[in-house]
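Enquirer: This is start.txt, which holds compact mmCIF, C-alpha atoms:
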# COMPACT_ATOMS: atom_id res chain seq x y z
CA MET C 1 13.10 -30.87 12.39
CA SER C 2 11.40 -27.62 11.40
CA SER C 3 13.27 -24.39 11.35
CA THR C 4 12.42 -20.74 11.06
CA PRO C 5 13.38 -19.28 7.69
CA PRO C 6 15.93 -16.49 7.59
CA VAL C 7 14.82 -12.92 7.85
CA ALA C 8 14.12 -11.51 4.42
CA GLY C 9 15.69 -8.26 3.38
CA PHE C 10 14.90 -6.07 0.42
CA ASN C 11 12.72 -7.84 -2.14
CA ARG C 12 13.31 -6.29 -5.56
CA ALA C 13 10.26 -7.95 -7.09
CA LEU C 14 7.97 -6.18 -4.62
CA GLU C 15 9.44 -2.87 -5.71
CA GLY C 16 8.58 -3.70 -9.30
CA MET C 17 5.07 -4.84 -8.33
CA ARG C 18 4.43 -1.56 -6.59
CA ALA C 19 5.35 0.19 -9.84
CA CYS C 20 2.70 -1.90 -11.61
CA ALA C 21 0.13 -0.88 -9.01
CA ALA C 22 0.92 2.82 -9.42
CA VAL C 23 0.66 2.64 -13.20
CA GLY C 24 -2.58 0.66 -12.88
CA VAL C 25 -4.15 3.44 -10.79
CA MET C 26 -3.02 5.95 -13.40
CA VAL C 27 -4.54 3.90 -16.23
CA THR C 28 -7.99 3.82 -14.67
CA HIS C 29 -7.98 7.57 -14.01
CA VAL C 30 -6.85 8.41 -17.54
CA ALA C 31 -9.49 6.06 -18.92
CA PHE C 32 -12.22 7.75 -16.90
CA GLN C 33 -11.19 11.30 -17.78
CA THR C 34 -10.91 10.53 -21.50
CA GLY C 35 -14.38 8.98 -21.56
CA SER C 36 -13.02 5.49 -22.24
CA VAL C 37 -15.02 3.97 -19.36
CA ASP C 38 -18.07 4.03 -21.59
CA GLY C 39 -20.07 0.95 -20.73
CA SER C 40 -18.37 -1.27 -23.30
CA TRP C 41 -16.45 -4.41 -22.35
CA LEU C 42 -13.15 -2.62 -22.99
CA GLY C 43 -14.33 0.34 -20.94
CA ALA C 44 -15.09 -2.05 -18.08
CA VAL C 45 -11.54 -3.40 -18.30
CA TRP C 46 -10.01 0.08 -18.18
CA GLY C 47 -12.29 1.09 -15.33
CA ARG C 48 -11.47 -1.98 -13.27
CA PHE C 49 -7.78 -1.17 -13.19
CA ASP C 50 -8.76 0.41 -9.89
CA MET C 51 -8.15 -3.08 -8.49
CA ALA C 52 -4.52 -1.95 -8.39
CA VAL C 53 -5.46 -0.43 -5.04
CA ALA C 54 -5.82 -3.98 -3.73
CA LEU C 55 -2.15 -4.52 -4.61
CA PHE C 56 -1.14 -1.37 -2.76
CA PHE C 57 -3.05 -2.39 0.35
CA ALA C 58 -1.82 -5.99 0.30
CA LEU C 59 1.78 -4.83 -0.12
CA SER C 60 1.39 -2.47 2.84
CA GLY C 61 -0.06 -5.25 4.94
CA TYR C 62 2.73 -7.66 4.04
CA LEU C 63 5.65 -5.28 4.54
CA LEU C 64 4.41 -3.72 7.77
CA TRP C 65 3.31 -7.01 9.32
CA ARG C 66 6.41 -9.02 8.43
CA PRO C 67 8.38 -7.99 11.57
CA HIS C 68 5.42 -9.01 13.75
CA SER C 69 5.04 -12.40 12.10
CA GLU C 70 8.79 -13.02 12.48
CA ALA C 71 8.75 -12.05 16.15
CA ALA C 72 5.83 -14.39 16.80
CA ARG C 73 7.99 -17.35 15.79
CA ASP C 74 11.39 -16.21 17.04
CA PRO C 75 11.59 -15.05 20.68
CA HIS C 76 14.87 -13.28 19.96
CA ARG C 77 13.31 -11.04 17.33
CA LYS C 78 12.03 -7.61 18.24
CA VAL C 79 9.57 -5.39 16.45
CA PRO C 80 9.96 -1.62 16.12
CA GLY C 81 8.42 0.26 19.03
CA THR C 82 5.07 1.92 18.39
CA TRP C 83 6.39 5.46 18.47
CA ARG C 84 9.27 4.61 16.15
CA TYR C 85 6.86 2.88 13.78
CA LEU C 86 4.46 5.85 13.74
CA ARG C 87 7.32 8.30 13.35
CA HIS C 88 8.55 6.43 10.26
CA ARG C 89 5.04 6.31 8.82
CA VAL C 90 4.59 10.07 9.22
CA VAL C 91 7.92 10.87 7.60
CA ARG C 92 7.25 8.36 4.81
CA ILE C 93 3.81 9.75 3.96
CA TRP C 94 3.24 13.37 4.88
CA PRO C 95 6.10 15.54 3.51
CA ALA C 96 5.54 14.75 -0.18
CA TYR C 97 1.79 14.55 0.34
CA VAL C 98 1.59 18.01 1.94
CA VAL C 99 3.49 19.52 -0.99
CA VAL C 100 0.99 18.03 -3.45
CA VAL C 101 -2.00 19.27 -1.43
CA VAL C 102 -0.60 22.80 -1.25
CA VAL C 103 0.16 22.84 -4.98
CA VAL C 104 -3.28 21.53 -5.94
CA LEU C 105 -5.37 23.71 -3.63
CA SER C 106 -3.30 26.80 -4.46
CA LEU C 107 -2.71 26.44 -8.20
CA LEU C 108 -5.07 23.94 -9.84
CA PRO C 109 -8.01 25.91 -11.27
CA ASP C 110 -10.56 23.12 -10.76
CA ALA C 111 -9.66 22.90 -7.06
CA ARG C 112 -9.95 26.62 -6.33
CA PRO C 113 -11.22 28.26 -4.26
CA ALA C 114 -10.93 25.70 -1.49
CA SER C 115 -12.62 26.26 1.85
CA LEU C 116 -10.82 25.95 5.16
CA THR C 117 -12.64 22.66 5.72
CA VAL C 118 -11.26 21.28 2.45
CA TRP C 119 -7.75 22.39 3.39
CA ILE C 120 -7.88 20.84 6.87
CA ALA C 121 -9.49 17.58 5.73
CA ASN C 122 -6.95 17.06 2.95
CA LEU C 123 -3.90 18.06 4.98
CA THR C 124 -4.92 15.66 7.76
CA LEU C 125 -5.96 12.85 5.39
CA THR C 126 -9.45 12.76 6.89
CA GLN C 127 -11.30 13.60 3.66
CA ILE C 128 -13.16 10.27 3.56
CA TYR C 129 -14.89 11.24 6.82
CA VAL C 130 -15.72 14.87 5.99
CA PRO C 131 -18.50 15.55 3.46
CA LEU C 132 -17.55 16.89 0.04
CA THR C 133 -13.83 17.39 0.69
CA LEU C 134 -12.49 15.13 -2.07
CA THR C 135 -11.45 17.69 -4.64
CA ALA C 136 -10.05 17.79 -8.18
CA GLY C 137 -6.43 16.66 -8.38
CA LEU C 138 -6.72 14.88 -5.04
CA THR C 139 -9.60 12.43 -5.49
CA GLN C 140 -7.24 9.44 -5.47
CA MET C 141 -6.21 10.30 -1.94
CA TRP C 142 -9.22 8.48 -0.51
CA SER C 143 -7.11 5.31 -0.64
CA LEU C 144 -4.23 6.99 1.16
CA SER C 145 -6.66 8.09 3.86
CA VAL C 146 -7.75 4.45 4.25
CA GLU C 147 -4.13 3.36 4.39
CA VAL C 148 -3.33 5.83 7.16
CA SER C 149 -6.25 4.36 9.11
CA PHE C 150 -4.60 0.96 8.70
CA TYR C 151 -1.28 2.35 9.93
CA LEU C 152 -3.00 3.50 13.11
CA ALA C 153 -4.84 0.20 13.53
CA LEU C 154 -1.82 -2.07 13.00
CA PRO C 155 -0.31 -1.67 16.51
CA LEU C 156 -3.72 -2.56 17.96
CA ILE C 157 -3.94 -5.65 15.74
CA ALA C 158 -0.45 -6.67 16.86
CA TRP C 159 -1.39 -6.19 20.52
CA LEU C 160 -4.57 -8.28 20.14
CA MET C 161 -2.51 -11.12 18.64
CA LEU C 162 0.30 -10.87 21.16
CA ARG C 163 -0.58 -14.17 22.84
CA LEU C 164 -0.42 -16.04 19.54
CA ARG C 165 3.31 -16.62 19.67
CA GLY C 166 5.52 -19.68 19.65
CA PRO C 167 3.42 -22.86 19.27
CA ALA C 168 0.25 -20.74 19.31
CA ALA C 169 1.41 -18.91 16.18
CA ARG C 170 -0.34 -21.58 14.11
CA TRP C 171 -3.62 -19.84 14.99
CA ARG C 172 -2.58 -16.47 13.58
CA ILE C 173 -3.62 -17.21 9.99
CA PRO C 174 -7.05 -18.64 10.95
CA VAL C 175 -7.70 -15.57 13.12
CA LEU C 176 -6.75 -13.18 10.30
CA VAL C 177 -8.83 -15.05 7.71
CA THR C 178 -11.84 -15.12 10.04
CA THR C 179 -11.49 -11.39 10.65
CA GLY C 180 -11.40 -10.78 6.90
CA VAL C 181 -14.56 -12.82 6.34
CA ILE C 182 -16.39 -10.96 9.10
CA SER C 183 -15.31 -7.59 7.69
CA LEU C 184 -17.07 -8.40 4.41
CA GLY C 185 -20.27 -7.56 6.24
CA TRP C 186 -19.19 -3.95 6.64
CA ALA C 187 -20.82 -3.01 3.32
CA TRP C 188 -24.26 -3.66 4.80
CA VAL C 189 -23.38 -1.83 8.02
CA ALA C 190 -22.09 1.15 6.04
CA ASP C 191 -25.33 1.50 4.12
CA ALA C 192 -27.28 1.58 7.37
CA LEU C 193 -25.23 4.37 8.97
CA PRO C 194 -26.94 7.79 9.20
CA LEU C 195 -24.22 9.80 7.44
CA GLU C 196 -24.28 13.13 5.66
CA ALA C 197 -24.38 13.22 1.89
CA GLY C 198 -20.91 13.04 0.38
CA VAL C 199 -19.51 10.52 2.88
CA GLU C 200 -19.13 6.91 1.68
CA ALA C 201 -18.59 4.65 4.67
CA LYS C 202 -17.80 1.67 2.45
CA ASN C 203 -14.48 3.39 1.79
CA TRP C 204 -13.49 3.36 5.45
CA LEU C 205 -10.93 0.89 6.76
CA PRO C 206 -13.38 -1.88 7.77
CA GLY C 207 -14.61 -2.08 4.18
CA HIS C 208 -11.15 -2.58 2.70
CA LEU C 209 -9.70 -4.56 5.59
CA PRO C 210 -9.70 -7.85 3.58
CA TRP C 211 -7.17 -6.37 1.14
CA PHE C 212 -4.79 -5.45 3.97
CA LEU C 213 -5.34 -8.80 5.69
CA CYS C 214 -4.32 -10.53 2.48
CA GLY C 215 -0.86 -9.04 3.02
CA LEU C 216 -0.84 -10.02 6.68
CA VAL C 217 -1.63 -13.63 5.77
CA LEU C 218 1.16 -13.62 3.18
CA ALA C 219 3.57 -12.37 5.83
CA GLU C 220 2.49 -15.16 8.17
CA LEU C 221 2.90 -17.76 5.42
CA GLY C 222 6.32 -16.38 4.53
CA THR C 223 7.63 -16.67 8.08
CA ALA C 224 5.91 -19.94 9.00
CA GLU C 225 8.15 -22.85 9.83
CA ALA C 226 9.61 -24.63 6.86
CA GLY C 227 7.78 -27.76 5.81
CA ALA C 228 4.51 -26.68 7.46
CA ALA C 229 1.83 -29.31 7.10
CA GLY C 230 -1.92 -29.12 6.64
CA MET C 231 -3.79 -26.27 5.00
CA ARG C 232 -1.02 -23.77 5.75
CA GLY C 233 1.52 -25.90 3.95
CA ARG C 234 -0.75 -26.42 0.95
CA ILE C 235 -1.40 -22.68 0.63
CA ALA C 236 2.31 -21.92 0.90
CA ARG C 237 3.10 -24.45 -1.84
CA LEU C 238 0.34 -23.01 -4.02
CA GLY C 239 1.97 -19.61 -3.65
CA ARG C 240 5.04 -20.88 -5.49
CA ARG C 241 3.14 -21.90 -8.64
CA ARG C 242 3.50 -18.73 -10.70
CA LEU C 243 1.68 -19.77 -13.87
CA LEU C 244 -1.32 -21.15 -12.03
CA LEU C 245 -1.59 -18.06 -9.87
CA ALA C 246 -1.22 -15.80 -12.89
CA ALA C 247 -4.16 -17.59 -14.51
CA ILE C 248 -6.18 -17.22 -11.30
CA ALA C 249 -5.41 -13.47 -11.20
CA VAL C 250 -6.58 -13.06 -14.82
CA VAL C 251 -9.83 -14.92 -14.15
CA ALA C 252 -10.50 -12.92 -10.97
CA PHE C 253 -9.83 -9.66 -12.81
CA ALA C 254 -12.15 -10.71 -15.64
CA ILE C 255 -14.93 -11.45 -13.14
CA SER C 256 -14.32 -8.07 -11.50
CA CYS C 257 -15.09 -6.42 -14.86
CA THR C 258 -18.65 -7.77 -14.74
CA GLU C 259 -21.66 -6.54 -12.80
CA LEU C 260 -20.81 -9.05 -10.05
CA ALA C 261 -18.29 -6.51 -8.74
CA GLY C 262 -20.52 -3.55 -9.46
CA PRO C 263 -20.38 -0.83 -12.09
CA THR C 264 -17.10 0.86 -12.92
CA GLY C 265 -16.65 4.58 -12.47
CA LEU C 266 -18.43 6.60 -9.81
CA ALA C 267 -21.73 4.71 -9.65
CA PRO C 268 -22.55 3.30 -6.18
CA LEU C 269 -22.18 -0.41 -5.48
CA GLU C 270 -24.74 -2.59 -3.79
CA PRO C 271 -23.41 -4.12 -0.56
CA TRP C 272 -23.14 -7.59 -2.08
CA GLN C 273 -21.29 -6.19 -5.11
CA PHE C 274 -18.85 -4.38 -2.82
CA ALA C 275 -18.25 -7.62 -0.89
CA VAL C 276 -17.63 -9.52 -4.13
CA LYS C 277 -15.17 -6.84 -5.23
CA MET C 278 -13.29 -7.18 -1.94
CA VAL C 279 -13.06 -10.96 -2.35
CA LEU C 280 -11.82 -10.63 -5.93
CA GLY C 281 -9.25 -8.05 -4.80
CA VAL C 282 -7.96 -10.52 -2.20
CA ILE C 283 -7.64 -13.21 -4.87
CA ILE C 284 -5.81 -10.88 -7.25
CA GLY C 285 -3.51 -9.56 -4.51
CA PHE C 286 -2.65 -13.04 -3.28
CA ALA C 287 -2.14 -14.44 -6.78
CA LEU C 288 0.23 -11.64 -7.81
CA ILE C 289 2.18 -11.17 -4.58
CA ALA C 290 2.45 -14.74 -3.26
CA PRO C 291 5.00 -15.87 -5.89
CA LEU C 292 7.19 -12.92 -4.90
CA THR C 293 7.04 -13.49 -1.15
CA LEU C 294 6.76 -17.26 -0.74
CA ASN C 295 9.62 -17.98 -3.14
CA PRO C 296 11.88 -14.93 -2.63
CA GLY C 297 15.00 -16.55 -4.05
CA ARG C 298 13.48 -16.88 -7.49
CA SER C 299 14.26 -14.17 -10.02
CA HIS C 300 11.58 -12.14 -11.73
CA ARG C 301 13.26 -10.64 -14.75
CA PHE C 302 10.64 -8.01 -15.57
CA LEU C 303 9.95 -6.84 -12.03
CA ASP C 304 13.65 -6.93 -11.14
CA SER C 305 14.66 -4.87 -14.17
CA ALA C 306 16.23 -1.44 -13.71
CA PRO C 307 13.28 0.51 -15.20
CA MET C 308 10.77 -1.24 -12.94
CA GLN C 309 13.00 -0.71 -9.91
CA ALA C 310 13.17 3.00 -10.68
CA LEU C 311 9.41 3.21 -11.15
CA GLY C 312 8.97 1.31 -7.90
CA ARG C 313 11.11 3.83 -6.02
CA TRP C 314 9.05 6.65 -7.49
CA SER C 315 5.70 4.86 -7.18
CA TYR C 316 4.45 6.86 -4.20
CA SER C 317 5.15 10.12 -5.98
CA ILE C 318 3.58 8.71 -9.15
CA PHE C 319 0.46 8.02 -7.13
CA LEU C 320 0.52 11.51 -5.61
CA TRP C 321 1.20 13.57 -8.73
CA HIS C 322 -0.47 11.79 -11.65
CA LEU C 323 -3.86 13.50 -11.36
CA VAL C 324 -2.20 16.91 -11.16
CA VAL C 325 -0.21 16.12 -14.30
CA LEU C 326 -3.30 14.70 -16.01
CA ALA C 327 -5.21 17.93 -15.35
CA TRP C 328 -2.51 19.88 -17.22
CA VAL C 329 -2.05 17.39 -20.05
CA PHE C 330 -5.45 18.15 -21.54
CA PRO C 331 -4.85 21.90 -22.15
CA LEU C 332 -1.21 21.38 -23.06
CA ALA C 333 -2.12 18.79 -25.70
CA GLY C 334 -5.22 20.65 -26.83
CA ILE C 335 -7.48 17.69 -25.95
CA VAL C 336 -10.96 18.14 -24.53
CA PRO C 337 -11.63 15.99 -21.43
CA PHE C 338 -13.96 13.01 -21.95
CA SER C 339 -13.42 13.18 -25.71
CA GLY C 340 -11.25 10.09 -26.24
CA SER C 341 -7.54 9.97 -27.15
CA MET C 342 -6.83 7.70 -24.19
CA LEU C 343 -3.53 6.28 -25.46
CA VAL C 344 -2.17 9.74 -26.28
CA VAL C 345 -3.21 11.16 -22.93
CA LEU C 346 -1.90 8.10 -21.10
CA ALA C 347 1.50 8.30 -22.80
CA LEU C 348 1.86 12.02 -22.07
CA THR C 349 0.66 11.64 -18.48
CA LEU C 350 2.98 8.73 -17.83
CA LEU C 351 6.06 10.45 -19.23
CA LEU C 352 5.45 13.76 -17.46
CA THR C 353 4.47 12.09 -14.21
CA ILE C 354 7.65 10.04 -14.19
CA GLY C 355 9.70 13.23 -14.49
CA VAL C 356 7.81 15.03 -11.74
CA SER C 357 7.87 11.96 -9.51
CA ALA C 358 11.61 11.44 -9.90
CA ALA C 359 12.14 15.02 -8.77
CA SER C 360 9.69 14.62 -5.88
CA TYR C 361 11.48 11.47 -4.74
CA ALA C 362 14.92 13.09 -4.96
CA TRP C 363 14.00 16.45 -3.42
CA ILE C 364 11.35 15.53 -0.85
CA GLU C 365 11.05 11.82 -0.05
CA GLU C 366 14.71 10.86 0.23
CA PRO C 367 15.91 13.98 2.11
CA THR C 368 13.19 13.61 4.76
CA ARG C 369 13.94 9.94 5.28
CA HIS C 370 17.67 10.62 5.48
CA TRP C 371 16.92 13.30 8.07
CA LEU C 372 14.94 10.81 10.14
CA ARG C 373 17.64 8.14 9.95
CA ASN C 374 20.34 10.64 10.93
CA SER C 375 18.20 11.97 13.79
CA GLU C 376 17.67 8.47 15.16
CA ALA C 377 21.34 7.65 14.81
CA ARG C 378 22.30 10.77 16.78
CA ALA C 379 19.70 9.97 19.43
CA THR C 380 21.05 6.43 19.78
CA LEU C 381 24.62 7.66 20.18
CA SER C 382 23.57 10.26 22.74
CA VAL C 383 22.18 7.59 25.08
CA ALA C 384 25.00 5.09 24.58
CA PRO C 385 27.00 4.35 27.73
CA ARG C 386 30.43 5.80 27.83
CA ASP C 387 33.37 3.42 27.56
CA ARG C 388 34.78 3.58 31.02
CA ALA C 389 37.80 1.34 30.38
CA PRO C 390 41.17 3.12 30.41
CA ARG C 391 42.44 3.92 26.95
CA ASP C 392 45.61 1.87 27.37
CA GLN C 393 43.61 -1.23 28.31
CA SER C 394 41.29 -1.46 25.31
CA ASN C 395 41.47 -0.72 21.64
CA GLN C 396 37.80 -1.55 21.12
CA PRO C 397 35.32 1.15 20.17
CA PRO C 398 32.78 2.22 22.79
CA ARG C 399 29.95 -0.20 23.36
CA HIS C 400 26.46 0.91 22.54
CA VAL C 401 23.12 0.06 23.97
CA ASP C 402 21.05 -2.50 22.13
CA ARG C 403 19.08 -0.73 19.41
CA GLU C 404 15.64 -1.47 18.14
CA PRO C 405 15.87 -3.63 15.03
CA ARG C 406 16.60 -1.74 11.86
CA ASP C 407 13.48 -1.41 9.73
CA GLU C 408 14.65 -3.54 6.84
CA TYR C 409 11.43 -2.92 4.96
CA ASP C 410 11.26 0.88 5.32
CA ARG C 411 12.46 1.62 1.82
CA GLN C 412 9.89 -0.81 0.50
CA GLN C 413 6.96 -0.07 2.73
CA SER C 414 4.08 0.78 0.47
CA ARG C 415 3.16 4.38 -0.33
How does this structure look as structure tokens?
Expert:
Amino acid sequence: MSSTPPVAGFNRALEGMRACAAVGVMVTHVAFQTGSVDGSWLGAVWGRFDMAVALFFALSGYLLWRPHSEAARDPHRKVPGTWRYLRHRVVRIWPAYVVVVVVVLSLLPDARPASLTVWIANLTLTQIYVPLTLTAGLTQMWSLSVEVSFYLALPLIAWLMLRLRGPAARWRIPVLVTTGVISLGWAWVADALPLEAGVEAKNWLPGHLPWFLCGLVLAELGTAEAGAAGMRGRIARLGRRRLLLAAIAVVAFAISCTELAGPTGLAPLEPWQFAVKMVLGVIIGFALIAPLTLNPGRSHRFLDSAPMQALGRWSYSIFLWHLVVLAWVFPLAGIVPFSGSMLVVLALTLLLTIGVSAASYAWIEEPTRHWLRNSEARATLSVAPRDRAPRDQSNQPPRHVDREPRDEYDRQQSR
């Protein structure tokens, strides 16, 4: 008889994988600004470390969708309410982000003077929709803008799939995969849109939806009934073969370094190249994350190690601050931008970014999340029914109303 697997808690390996993604994004930016993305095969490799964004998006999709996939198979499970979910997303993302935006637009020479439009677009994470508002020190935030779009879309996706519960849950993966395939056509739609110069519609959510849906499919596979048969069962079993999937990830990454996935750097991609890049990102994301989610009891020594866990905790701040640090590394080290010295610049940027990010995590991220948790706890206690039993008849503590399920993934939710 099939059974629903137990609810997963904190997955240390995912924390370590997020650290890898953050460092990967840093590598590609350092490579570009030191002139190492130079048209050579090695330059193509450095430039294609931007595929780390696929990991970020897939991790977000997996962690945020997991409660929905669990609830679809267990009628006793609840998902966080929409307002609670959005409240947690705002507190997770904006406080540290706003600090970085203010620092960059106020102090970074290459970003000054910034117009009011630039300020508003960056503070609201709408810069991918407003022409020419991606600015020095903040250019990596295009991906965060896309991710916020996904946060807003996720409750709608959950609502559209609400009927696919219980026995009908077997259709959830086919629906998600079909949606991902259809979204590959967005690259052609984007090129046909009459947009102002400086706006790249390929970078909107529909273009990168396959990377998020990769995470949603992994969440569905992870919560599917044990011993699932058919294609779903075969995919789930494939996800436990680490060496094979590692080889697949390497091959997919190697293909992404060719013209099939378009040029590296800032050159525009043809629609078919963009679609190929999306497919390769899905393959890489699945191959690297599946062994961590479909076989959660297995240890992953490197990803589980203390240094990788620390980097994983700081990964969001690493993502936020590394371009600011990189901008200051060049004058501090006396190195001219685009003049080489990639390994030196990378080492300095990594070390300094880790220090800044640890402080940002300790002074901004954690205090704001603690504030939210304490606020919700006080709100829950304030609406709890009073214990009306006489004191001499009961030694039990007051009963409380049933809470929404604790967000077991909040610490790990990407970004």
Enquirer: In terms of the shortest atom-to-atom distance over all atoms listed in the file, which of C:Gly340, C:Pro307, C:Pro75, C:Gly35 is closest to Arg165 in chain C?
Expert: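 Comparing C:Gly340, C:Pro307, C:Pro75, C:Gly35 against Arg165 in chain C, the winner is C:Pro75.
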Enquirer: Using all atoms listed in the file, can you tell me which of C:Ala54, C:Ala249, C:Leu381, C:Leu323 comes closest to Gly137 in chain C?
Expert: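 For Gly137 in chain C, the nearest of the given residues is C:Leu323.
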Enquirer: Considering all atoms listed in the file, can you say which of C:Leu209, C:Val27, C:Ala327, C:Met141 comes closest to Val45 in chain C?
Expert: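 For Val45 in chain C, the nearest of the given residues is C:Val27.
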Enquirer: From the set C:Ala31, C:Met308, C:Ala19, C:Ile182, which residue has the shortest atom-to-atom contact distance to Val345 in chain C, counting all atoms listed in the file?
Expert: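 Checking each candidate against Val345 in chain C, we get C:Ala31 as the closest.
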Enquirer: Name all residues at most 10 Å from Trp41 in chain C (count all atoms listed in the file; drop same-chain ones fewer than 5 positions away) and give them as a count of residues only.
Expert: 4
Enquirer: Please provide as a count of residues only all residues within 12 Å of Trp142 in chain C, with the sequence filter that same-chain residues fewer than 2 positions apart are discarded (counting all atoms listed in the file).
Expert: 34
Enquirer: Go through C:Met17, C:Met51, C:Leu86, C:Leu123 one by one, measure the shortest atom-to-atom distance of each to Ser305 in chain C using all atoms listed in the file, and give the residue with the smallest value.
Expert: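 Closest to Ser305 in chain C of all the choices is C:Met17.
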Enquirer: Would you list the contacts of His322 in chain C as a PyMOL selection string, taking every protein, DNA or RNA residue within 7 Å and counting only C-alpha atoms, but skipping same-chain residues closer than 4 positions in sequence?
Expert: chain C and resi 26+318+326+349+353
Enquirer: Identify, on the basis of only C-alpha atoms, every residue whose closest approach to Phe212 in chain C does not exceed 6 Å; exclude the query and any residue fewer than 6 positions from it along the same chain; express the result as a list in words.
Expert: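 Here the answer would be Phe57, Ala58 and Gly61 of chain C.
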Enquirer: Could you check the closest approach to Trp94 in chain C for each of C:Ser317, C:Asp38, C:Leu332, C:Ser339 and tell me which residue wins, using all atoms listed in the file?
Expert: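 Selected residue with least distance to Trp94 in chain C: C:Ser317.
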Enquirer: Quick one: residues within 7 Å of Thr28 in chain C, only C-alpha atoms counted, chain neighbours fewer than 4 positions away excluded, as an MDAnalysis selection string?
Expert: chainID C and resid 24 32 46:50
Enquirer: Would you give the centre and edge lengths, in Å to one decimal, of a box along x, y and z around the listed atoms of range 47-50 of chain C, with 5 Å added to each side, as JSON?
Expert:
{"center_x": -10.0, "center_y": -0.4, "center_z": -12.6, "size_x": 14.5, "size_y": 13.1, "size_z": 15.4}
Enquirer: For CA of Arg92 in chain C and CA of Phe10 in chain C, quote the distance in Å rounded to one decimal.
Expert: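 Separation of CA of Arg92 in chain C and CA of Phe10 in chain C: 16.9 Å.
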Enquirer: Please indicate the distance in Å from CA of Val102 in chain C to CA of Val356 in chain C, rounded to one decimal place.
Expert: 15.5 Å
Enquirer: I'd like the interatomic distance between CA of His370 in chain C and CA of His68 in chain C, to a tenth of an Å.
Expert: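 For CA of His370 in chain C relative to CA of His68 in chain C, the distance reads 24.6 Å.
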Enquirer: Could N, CA and C atoms be built for range 305-319 of chain C and written out as a compact mmCIF listing (two decimals), in the frame of the given file?
Expert:
# COMPACT_ATOMS: atom_id res chain seq x y z
N SER C 305 13.92 -5.68 -13.21
CA SER C 305 14.66 -4.87 -14.17
C SER C 305 14.88 -3.45 -13.65
N ALA C 306 15.90 -2.79 -14.16
CA ALA C 306 16.23 -1.44 -13.71
C ALA C 306 15.09 -0.44 -13.89
N PRO C 307 14.40 -0.44 -15.05
CA PRO C 307 13.28 0.51 -15.20
C PRO C 307 12.18 0.29 -14.17
N MET C 308 11.84 -0.98 -13.90
CA MET C 308 10.77 -1.24 -12.94
C MET C 308 11.22 -0.91 -11.52
N GLN C 309 12.50 -1.09 -11.22
CA GLN C 309 13.00 -0.71 -9.91
C GLN C 309 12.93 0.81 -9.72
N ALA C 310 13.26 1.54 -10.77
CA ALA C 310 13.17 3.00 -10.68
C ALA C 310 11.72 3.45 -10.50
N LEU C 311 10.82 2.86 -11.29
CA LEU C 311 9.41 3.21 -11.15
C LEU C 311 8.89 2.83 -9.77
N GLY C 312 9.37 1.71 -9.24
CA GLY C 312 8.97 1.31 -7.90
C GLY C 312 9.41 2.31 -6.85
N ARG C 313 10.63 2.82 -6.97
CA ARG C 313 11.11 3.83 -6.02
C ARG C 313 10.26 5.08 -6.09
N TRP C 314 9.82 5.43 -7.30
CA TRP C 314 9.05 6.65 -7.49
C TRP C 314 7.55 6.42 -7.40
N SER C 315 7.12 5.21 -7.08
CA SER C 315 5.70 4.86 -7.18
C SER C 315 4.81 5.71 -6.28
N TYR C 316 5.28 6.02 -5.09
CA TYR C 316 4.45 6.86 -4.20
C TYR C 316 4.24 8.23 -4.81
N SER C 317 5.30 8.82 -5.33
CA SER C 317 5.15 10.12 -5.98
C SER C 317 4.32 10.03 -7.25
N ILE C 318 4.44 8.91 -7.97
CA ILE C 318 3.58 8.71 -9.15
C ILE C 318 2.12 8.73 -8.73
N PHE C 319 1.82 8.02 -7.65
CA PHE C 319 0.46 8.02 -7.13
C PHE C 319 0.02 9.43 -6.75
